[in-house]
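Peer 1: Pasting protein-v5.txt below, which is compact mmCIF, C-alpha atoms.
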```txt
# COMPACT_ATOMS: atom_id res chain seq x y z
CA MET A 1 -56.62 31.08 -32.44
CA GLU A 2 -53.29 30.39 -34.13
CA ARG A 3 -50.69 33.08 -33.58
CA LYS A 4 -49.07 34.40 -36.75
CA ARG A 5 -45.38 33.61 -36.76
CA LYS A 6 -42.67 36.07 -37.61
CA ARG A 7 -40.97 35.44 -40.92
CA LYS A 8 -37.25 34.99 -40.59
CA GLN A 9 -34.72 36.33 -43.06
CA LEU A 10 -33.03 33.37 -44.72
CA VAL A 11 -29.34 34.00 -45.25
CA PRO A 12 -27.45 31.96 -47.88
CA GLY A 13 -24.95 29.62 -46.26
CA ALA A 14 -26.48 29.89 -42.82
CA GLU A 15 -27.75 26.75 -41.14
CA GLU A 16 -31.51 26.84 -40.94
CA PRO A 17 -33.06 25.97 -37.57
CA LYS A 18 -35.17 22.84 -37.41
CA PRO A 19 -38.81 23.81 -37.89
CA LYS A 20 -41.17 23.36 -34.99
CA PRO A 21 -44.10 21.01 -35.54
CA LYS A 22 -47.11 22.85 -36.91
CA PRO A 23 -50.77 22.06 -36.35
CA VAL A 24 -52.52 20.44 -39.27
CA ARG A 25 -54.39 23.06 -41.31
CA SER A 26 -56.77 22.90 -44.21
CA ASP A 27 -54.67 24.85 -46.72
CA PRO A 28 -55.14 23.03 -50.06
CA THR A 29 -51.62 23.92 -51.15
CA ARG A 30 -50.27 21.92 -48.21
CA THR A 31 -52.75 19.17 -47.40
CA GLY A 32 -53.77 17.91 -50.80
CA THR A 33 -57.45 18.91 -50.67
CA VAL A 34 -56.66 20.56 -54.02
CA LYS A 35 -54.56 18.24 -56.17
CA ASP A 36 -51.41 19.24 -58.00
CA PRO A 37 -52.49 19.58 -61.66
CA PHE A 38 -49.09 18.17 -62.71
CA PRO A 39 -48.29 15.42 -60.17
CA SER A 40 -45.75 13.75 -62.47
CA HIS A 41 -43.79 17.00 -62.96
CA ALA A 42 -41.15 16.69 -60.24
CA ARG A 43 -39.80 20.23 -60.45
CA PRO A 44 -38.89 22.42 -58.79
CA THR A 45 -37.17 20.38 -56.11
CA PRO A 46 -36.57 21.92 -52.67
CA GLN A 47 -32.88 22.04 -53.53
CA GLU A 48 -33.56 23.97 -56.75
CA CYS A 49 -35.78 26.42 -54.89
CA GLU A 50 -33.09 27.09 -52.33
CA ALA A 51 -30.37 27.46 -54.96
CA VAL A 52 -32.41 29.94 -57.03
CA ARG A 53 -33.32 31.85 -53.86
CA ASP A 54 -29.65 32.11 -52.89
CA THR A 55 -28.59 33.18 -56.40
CA LEU A 56 -31.19 35.91 -56.67
CA LEU A 57 -30.72 37.05 -53.07
CA ALA A 58 -27.01 37.62 -53.75
CA LEU A 59 -27.87 39.45 -56.97
CA HIS A 60 -30.77 41.66 -55.87
CA GLY A 61 -31.47 41.40 -52.16
CA ILE A 62 -35.07 41.72 -50.97
CA PRO A 63 -36.38 45.15 -52.08
CA PRO A 64 -37.29 47.34 -49.05
CA GLU A 65 -40.81 47.92 -50.37
CA LEU A 66 -41.40 44.15 -50.18
CA ALA A 67 -39.26 43.33 -47.14
CA LYS A 68 -41.47 45.56 -44.97
CA TYR A 69 -44.21 42.94 -45.23
CA ARG A 70 -42.06 40.20 -43.72
CA ASP A 71 -42.59 41.25 -40.13
CA ALA A 72 -45.73 43.30 -40.63
CA VAL A 73 -47.62 41.45 -37.89
CA GLN A 74 -45.01 42.50 -35.36
CA SER A 75 -44.99 46.13 -36.46
CA GLU A 76 -46.92 48.73 -34.50
CA SER A 77 -49.04 49.73 -37.50
CA PRO A 78 -49.25 47.02 -40.18
CA GLU A 79 -50.96 47.99 -43.42
CA PRO A 80 -54.73 47.41 -43.08
CA VAL A 81 -55.83 44.32 -44.98
CA LEU A 82 -58.42 46.29 -46.95
CA ASP A 83 -55.72 48.73 -48.06
CA GLY A 84 -53.61 45.79 -49.20
CA LEU A 85 -56.48 44.27 -51.13
CA VAL A 86 -57.28 47.51 -52.95
CA ARG A 87 -53.59 48.16 -53.59
CA THR A 88 -53.37 44.74 -55.25
CA VAL A 89 -56.47 45.40 -57.36
CA LEU A 90 -54.92 48.65 -58.59
CA SER A 91 -51.70 46.82 -59.51
CA GLN A 92 -53.43 44.67 -62.11
CA ASN A 93 -52.35 45.17 -65.74
CA THR A 94 -50.18 48.19 -65.07
CA THR A 95 -46.72 49.15 -63.88
CA GLU A 96 -45.76 49.30 -60.21
CA THR A 97 -45.17 53.05 -60.52
CA ASN A 98 -48.63 53.70 -61.96
CA SER A 99 -50.39 51.50 -59.41
CA GLN A 100 -48.63 53.32 -56.57
CA LYS A 101 -49.71 56.66 -58.04
CA ALA A 102 -53.28 55.41 -58.35
CA PHE A 103 -53.41 54.27 -54.73
CA ALA A 104 -51.90 57.56 -53.50
CA SER A 105 -54.42 59.50 -55.59
CA LEU A 106 -57.27 57.38 -54.19
CA LYS A 107 -56.19 58.07 -50.62
CA THR A 108 -55.77 61.79 -51.30
CA SER A 109 -59.15 62.13 -53.01
CA PHE A 110 -61.07 60.06 -50.45
CA PRO A 111 -59.78 60.17 -46.84
CA THR A 112 -61.82 57.15 -45.70
CA TRP A 113 -63.42 54.08 -47.24
CA GLU A 114 -66.77 55.59 -46.29
CA HIS A 115 -65.97 58.45 -48.67
CA VAL A 116 -65.02 55.97 -51.41
CA PHE A 117 -68.24 54.04 -50.90
CA GLY A 118 -70.34 57.20 -51.13
CA ALA A 119 -68.51 58.67 -54.12
CA GLU A 120 -69.86 58.73 -57.65
CA SER A 121 -68.31 56.01 -59.80
CA LYS A 122 -66.94 58.61 -62.23
CA ASP A 123 -65.18 60.44 -59.39
CA LEU A 124 -63.60 57.20 -58.21
CA GLU A 125 -62.55 56.36 -61.76
CA ASN A 126 -60.91 59.77 -62.16
CA ALA A 127 -58.98 59.30 -58.93
CA ILE A 128 -57.45 56.00 -60.07
CA ARG A 129 -57.29 56.64 -63.83
CA CYS A 130 -53.48 56.84 -63.87
CA GLY A 131 -53.42 53.13 -62.97
CA GLY A 132 -55.35 52.07 -66.07
CA LEU A 133 -58.61 50.11 -66.43
CA ALA A 134 -60.27 52.68 -64.18
CA PRO A 135 -63.92 51.63 -64.79
CA THR A 136 -63.18 47.96 -64.11
CA LYS A 137 -61.09 48.60 -61.00
CA ALA A 138 -63.51 51.21 -59.63
CA SER A 139 -66.37 48.74 -60.02
CA CYS A 140 -64.37 46.04 -58.22
CA ILE A 141 -63.53 48.37 -55.31
CA LYS A 142 -67.17 49.46 -55.04
CA ASN A 143 -68.32 45.83 -55.03
CA VAL A 144 -65.89 44.92 -52.25
CA LEU A 145 -67.07 47.82 -50.10
CA ARG A 146 -70.72 47.04 -50.79
CA CYS A 147 -70.23 43.42 -49.84
CA LEU A 148 -68.42 44.37 -46.63
CA ARG A 149 -71.16 46.82 -45.66
CA GLU A 150 -73.86 44.20 -46.25
CA ARG A 151 -72.08 41.29 -44.56
CA LYS A 152 -70.03 42.94 -41.81
CA GLY A 153 -71.55 46.37 -41.34
CA GLN A 154 -68.17 48.09 -41.68
CA PHE A 155 -65.33 48.61 -44.15
CA CYS A 156 -62.73 46.38 -42.52
CA LEU A 157 -61.00 43.10 -43.38
CA GLU A 158 -58.95 42.71 -40.21
CA TYR A 159 -61.05 39.69 -39.22
CA LEU A 160 -59.21 37.75 -41.95
CA ARG A 161 -56.11 37.69 -39.72
CA ASP A 162 -57.84 35.14 -37.48
CA LEU A 163 -58.89 32.79 -40.27
CA SER A 164 -57.19 29.81 -41.88
CA VAL A 165 -55.93 30.00 -45.45
CA ASP A 166 -58.95 28.09 -46.74
CA GLU A 167 -61.31 30.37 -44.85
CA VAL A 168 -59.60 33.48 -46.25
CA LYS A 169 -59.91 32.13 -49.77
CA ALA A 170 -63.58 31.36 -49.21
CA GLU A 171 -64.23 34.85 -47.82
CA LEU A 172 -62.46 36.75 -50.58
CA SER A 173 -64.05 34.60 -53.29
CA LEU A 174 -67.35 36.22 -52.33
CA PHE A 175 -66.11 39.56 -53.68
CA LYS A 176 -66.78 39.96 -57.38
CA GLY A 177 -63.61 40.75 -59.31
CA ILE A 178 -61.18 39.31 -56.74
CA GLY A 179 -59.26 36.49 -58.41
CA PRO A 180 -56.76 33.86 -57.20
CA LYS A 181 -53.67 36.02 -57.72
CA THR A 182 -55.13 38.90 -55.70
CA VAL A 183 -56.11 36.51 -52.92
CA ALA A 184 -52.63 34.98 -52.91
CA CYS A 185 -51.01 38.42 -52.68
CA VAL A 186 -53.18 39.36 -49.70
CA LEU A 187 -52.34 36.05 -48.03
CA MET A 188 -48.60 36.45 -48.47
CA PHE A 189 -48.10 40.20 -47.97
CA ASN A 190 -50.88 41.27 -45.64
CA LEU A 191 -51.69 38.12 -43.69
CA GLN A 192 -48.13 36.69 -43.53
CA GLN A 193 -49.30 33.27 -44.71
CA ASP A 194 -47.15 30.85 -46.69
CA ASP A 195 -48.50 31.32 -50.18
CA PHE A 196 -46.89 31.85 -53.60
CA PRO A 197 -48.69 34.28 -55.95
CA VAL A 198 -47.92 33.82 -59.64
CA ASP A 199 -47.82 37.02 -61.69
CA THR A 200 -46.64 37.42 -65.27
CA HIS A 201 -42.95 37.73 -64.34
CA ILE A 202 -42.94 34.64 -62.11
CA PHE A 203 -44.99 32.67 -64.62
CA GLU A 204 -42.54 33.37 -67.44
CA ILE A 205 -39.50 32.54 -65.30
CA ALA A 206 -41.09 29.31 -64.06
CA LYS A 207 -41.81 28.23 -67.65
CA THR A 208 -38.31 29.20 -68.80
CA MET A 209 -36.67 27.13 -66.05
CA GLY A 210 -39.02 24.19 -66.62
CA TRP A 211 -40.58 24.46 -63.18
CA VAL A 212 -43.99 24.04 -64.81
CA PRO A 213 -44.90 22.16 -68.00
CA ALA A 214 -45.11 24.11 -71.24
CA VAL A 215 -48.89 23.59 -71.31
CA ALA A 216 -49.40 25.18 -67.88
CA ASP A 217 -51.43 28.36 -67.52
CA ARG A 218 -51.02 30.79 -64.62
CA ASN A 219 -53.73 29.28 -62.42
CA LYS A 220 -52.38 25.74 -62.75
CA SER A 221 -48.85 27.06 -62.25
CA TYR A 222 -50.01 28.63 -58.98
CA LEU A 223 -51.38 25.29 -57.76
CA HIS A 224 -48.30 23.36 -58.84
CA LEU A 225 -45.70 25.78 -57.45
CA ASN A 226 -47.51 26.03 -54.11
CA GLN A 227 -47.24 22.26 -53.83
CA ARG A 228 -43.57 22.10 -54.80
CA ILE A 229 -41.96 25.15 -53.13
CA PRO A 230 -41.14 24.73 -49.41
CA ASN A 231 -43.17 27.08 -47.22
CA GLU A 232 -40.11 28.64 -45.61
CA LEU A 233 -38.82 29.72 -49.04
CA LYS A 234 -42.04 31.06 -50.54
CA PHE A 235 -41.86 34.71 -49.43
CA ASP A 236 -38.21 35.30 -50.34
CA LEU A 237 -38.36 33.33 -53.59
CA ASN A 238 -41.53 35.07 -54.71
CA CYS A 239 -40.17 38.57 -54.05
CA LEU A 240 -36.85 37.74 -55.72
CA MET A 241 -38.34 36.12 -58.84
CA TYR A 242 -40.72 39.07 -59.22
CA THR A 243 -37.85 41.55 -58.86
CA HIS A 244 -35.64 39.63 -61.27
CA GLY A 245 -38.41 39.37 -63.84
CA LYS A 246 -38.76 43.15 -63.87
CA LEU A 247 -35.01 43.75 -64.27
CA CYS A 248 -33.79 40.94 -66.50
CA ARG A 249 -34.33 41.45 -70.22
CA GLN A 250 -34.01 37.73 -70.90
CA CYS A 251 -36.80 36.95 -68.43
CA SER A 252 -39.18 39.65 -69.62
CA SER A 253 -41.45 39.63 -72.65
CA LYS A 254 -41.06 43.42 -72.76
CA LYS A 255 -37.36 43.51 -73.43
CA GLY A 256 -37.40 46.94 -74.94
CA ASN A 257 -38.95 48.64 -71.92
CA GLN A 258 -36.34 47.76 -69.30
CA LYS A 259 -34.26 50.38 -67.57
CA GLY A 260 -30.69 49.79 -66.54
CA GLY A 261 -30.33 48.12 -63.18
CA LYS A 262 -28.81 45.34 -61.20
CA GLY A 263 -29.01 42.06 -63.08
CA ASN A 264 -30.12 43.79 -66.29
CA ASP A 265 -27.43 42.47 -68.63
CA GLU A 266 -27.05 39.82 -71.29
CA SER A 267 -26.16 37.00 -68.85
CA CYS A 268 -29.08 35.76 -66.76
CA PRO A 269 -27.94 33.55 -63.87
CA LEU A 270 -31.19 31.60 -64.02
CA LEU A 271 -30.16 30.12 -67.37
CA ASN A 272 -27.96 27.79 -65.32
CA TYR A 273 -31.10 26.22 -63.88
CA CYS A 274 -32.86 25.60 -67.19
CA LYS A 275 -33.19 22.00 -68.27
CA GLU A 276 -34.36 20.53 -71.53
```
What would you get if you wrote out this structure as structure tokens?

Peer 2:
Amino acid sequence: MERKRKRKQLVPGAEEPKPKPKPVRSDPTRTGTVKDPFPSHARPTPQECEAVRDTLLALHGIPPELAKYRDAVQSESPEPVLDGLVRTVLSQNTTETNSQKAFASLKTSFPTWEHVFGAESKDLENAIRCGGLAPTKASCIKNVLRCLRERKGQFCLEYLRDLSVDEVKAELSLFKGIGPKTVACVLMFNLQQDDFPVDTHIFEIAKTMGWVPAVADRNKSYLHLNQRIPNELKFDLNCLMYTHGKLCRQCSSKKGNQKGGKGNDESCPLLNYCKE
């Protein structure tokens, strides 16, 4: 069984240690079992990734609510994988504030996953309604729990920690309603694997900087960026691009809904990395 390594904080200007050789694994984003949909698109380069990481790290820092996942494996009580999966489901098509409220309401209304599984669908929907799309998300959560009960006999996803990236993707693909972005988030945040989820903010920034072709959709952008971005930069760069996309009016399609905050002015530093 491969031991999960501790993520190291990358500090701009500091010399990075030489990576230790890693065993060959079957992750399609690293071995080529899934091809890059844009093999002739040579961006981003490793140098660009590092430069953008350094720029955004100096501007924002890693938010504490995301940084806590860096060393989660070494913590005494890491967030259960099932909690992380449901938290990600509740984050779909809503704000971070509303998704957090929905998850807190879910946990308050139903102390255990057994209670969630046995609850009426309407009661579950009411508990998570503040997060939006309550019927759809409640159905997804119910399906995940039903599948776990049938296949594993318990409501637990901790066994995923011992699987390879490909095996995790295969397992989670069995759950109706769990898409590639949700899987990628669980891989990166809860399983401490080198993966790069692509949400709306990251997708828009990547297109703006020319890191993906104009014709790229989110799924193809995910495949391309996971091929191009060095593994050791994925966690920091993902958290920083996500944070910047929420704060920067020039990087958001919802310019009128931004609150004042660090980096939220008329001069976006990422414009320096845009190329025609």

Peer 1: Please identify all polymer residues within 7 Å of segment 150-163 of chain A, counting all atoms listed in the file, omitting same-chain residues fewer than 2 positions from it, and present them as a VMD selection string.

Peer 2: chain A and resid 1 80 to 82 113 145 to 148 165 167 to 168 191

Peer 1: Go through A:Pro269, A:Gly177, A:Gly131, A:Pro230 one by one, measure the shortest atom-to-atom distance of each to Asn143 of chain A using only C-alpha atoms, and give the residue with the smallest value.

Peer 2: A:Gly177

Peer 1: For each of A:Cys239, A:Ala67, A:Leu223, A:Cys130, take the minimum atom-to-atom distance to Thr97 of chain A, counting all atoms listed in the file, then give the residue where this is smallest.

Peer 2: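 Of A:Cys239, A:Ala67, A:Leu223, A:Cys130, the one nearest Thr97 of chain A, counting all atoms listed in the file, is A:Cys130.
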
Peer 1: Would you list the contacts of Ser173 of chain A as a ChimeraX atom specification, taking every protein, DNA or RNA residue within 12 Å and counting all atoms listed in the file, but skipping same-chain residues closer than 4 positions in sequence?

Peer 2: /A:144,147,166-169,177-184

Peer 1: Could you take the residues named above and write them with C-alpha atoms, as an mmCIF file, keeping the file's coordinate frame?

Peer 2:
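Okay, again.cif is ready:
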```cif
data_model
loop_
_atom_site.group_PDB
_atom_site.id
_atom_site.type_symbol
_atom_site.label_atom_id
_atom_site.label_comp_id
_atom_site.auth_asym_id
_atom_site.auth_seq_id
_atom_site.Cartn_x
_atom_site.Cartn_y
_atom_site.Cartn_z
ATOM 1 C CA VAL A 144 -65.890 44.920 -52.250
ATOM 2 C CA CYS A 147 -70.230 43.420 -49.840
ATOM 3 C CA ASP A 166 -58.950 28.090 -46.740
ATOM 4 C CA GLU A 167 -61.310 30.370 -44.850
ATOM 5 C CA VAL A 168 -59.600 33.480 -46.250
ATOM 6 C CA LYS A 169 -59.910 32.130 -49.770
ATOM 7 C CA GLY A 177 -63.610 40.750 -59.310
ATOM 8 C CA ILE A 178 -61.180 39.310 -56.740
ATOM 9 C CA GLY A 179 -59.260 36.490 -58.410
ATOM 10 C CA PRO A 180 -56.760 33.860 -57.200
ATOM 11 C CA LYS A 181 -53.670 36.020 -57.720
ATOM 12 C CA THR A 182 -55.130 38.900 -55.700
ATOM 13 C CA VAL A 183 -56.110 36.510 -52.920
ATOM 14 C CA ALA A 184 -52.630 34.980 -52.910
#
```

Peer 1: Counting all atoms listed in the file, which residue out of A:Val34, A:Leu133, A:Val52, A:Cys274 sits closest to Met209 of chain A?

Peer 2: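 The closest residue to Met209 of chain A is A:Cys274.
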
Peer 1: Go through A:Cys140, A:Ala206, A:Val215, A:Leu233 one by one, measure the shortest atom-to-atom distance of each to Gln193 of chain A using all atoms listed in the file, and give the residue with the smallest value.

Peer 2: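 Closest candidate: A:Leu233.
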
Peer 1: So how far away is atom CA of Gly61 of chain A from atom CA of His224 of chain A, in Å?

Peer 2: 25.6 Å

Peer 1: List as number ranges by chain the protein and nucleic acid residues near Gln100 of chain A, meaning an atom at most 9 Å away when all atoms listed in the file are counted, but skip any in the same chain fewer than 4 places from it.

Peer 2: A: 87, 90-91, 95-96, 104-105, 131

Peer 1: Find the residues near Lys122 of chain A: any atom within 10 Å, counting only C-alpha atoms, skip ones fewer than 3 places away on the same chain, and give them as a list in words.

Peer 2: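 Once the adjacent positions are removed, what remains is Ala119, Glu125, Asn126, Ala127, Arg129, Ala134, Pro135 and Ala138 of chain A.
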
Peer 1: Go ahead and dump the residues you just picked, C-alpha atoms, as an mmCIF file, keeping the file's coordinate frame.

Peer 2:
```cif
data_model
loop_
_atom_site.group_PDB
_atom_site.id
_atom_site.type_symbol
_atom_site.label_atom_id
_atom_site.label_comp_id
_atom_site.auth_asym_id
_atom_site.auth_seq_id
_atom_site.Cartn_x
_atom_site.Cartn_y
_atom_site.Cartn_z
ATOM 1 C CA ALA A 119 -68.510 58.670 -54.120
ATOM 2 C CA GLU A 125 -62.550 56.360 -61.760
ATOM 3 C CA ASN A 126 -60.910 59.770 -62.160
ATOM 4 C CA ALA A 127 -58.980 59.300 -58.930
ATOM 5 C CA ARG A 129 -57.290 56.640 -63.830
ATOM 6 C CA ALA A 134 -60.270 52.680 -64.180
ATOM 7 C CA PRO A 135 -63.920 51.630 -64.790
ATOM 8 C CA ALA A 138 -63.510 51.210 -59.630
#
```

Peer 1: In terms of the shortest atom-to-atom distance over only C-alpha atoms, which of A:Val212, A:Leu237, A:Leu187, A:Cys251 is closest to Leu57 of chain A?

Peer 2: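 The shortest atom-to-atom distance to Leu57 of chain A comes from A:Leu237.
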
Peer 1: Restricting the calculation to all atoms listed in the file, which member of A:Ser139, A:Ser77, A:Ser99, A:Asn219 is positioned closest to Pro37 of chain A?

Peer 2: A:Asn219

Peer 1: For atom CA of Ile141 of chain A and atom CA of Phe203 of chain A, determine how far apart the two atoms are, in Å to one decimal place.

Peer 2: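 Atom CA of Phe203 of chain A lies 26.0 Å from atom CA of Ile141 of chain A.
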
Peer 1: Calculate how many Å separate atom CA of Val116 of chain A from atom CA of Leu174 of chain A, rounding to one decimal.

Peer 2: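 Distance reported for this atom pair: 19.9 Å.
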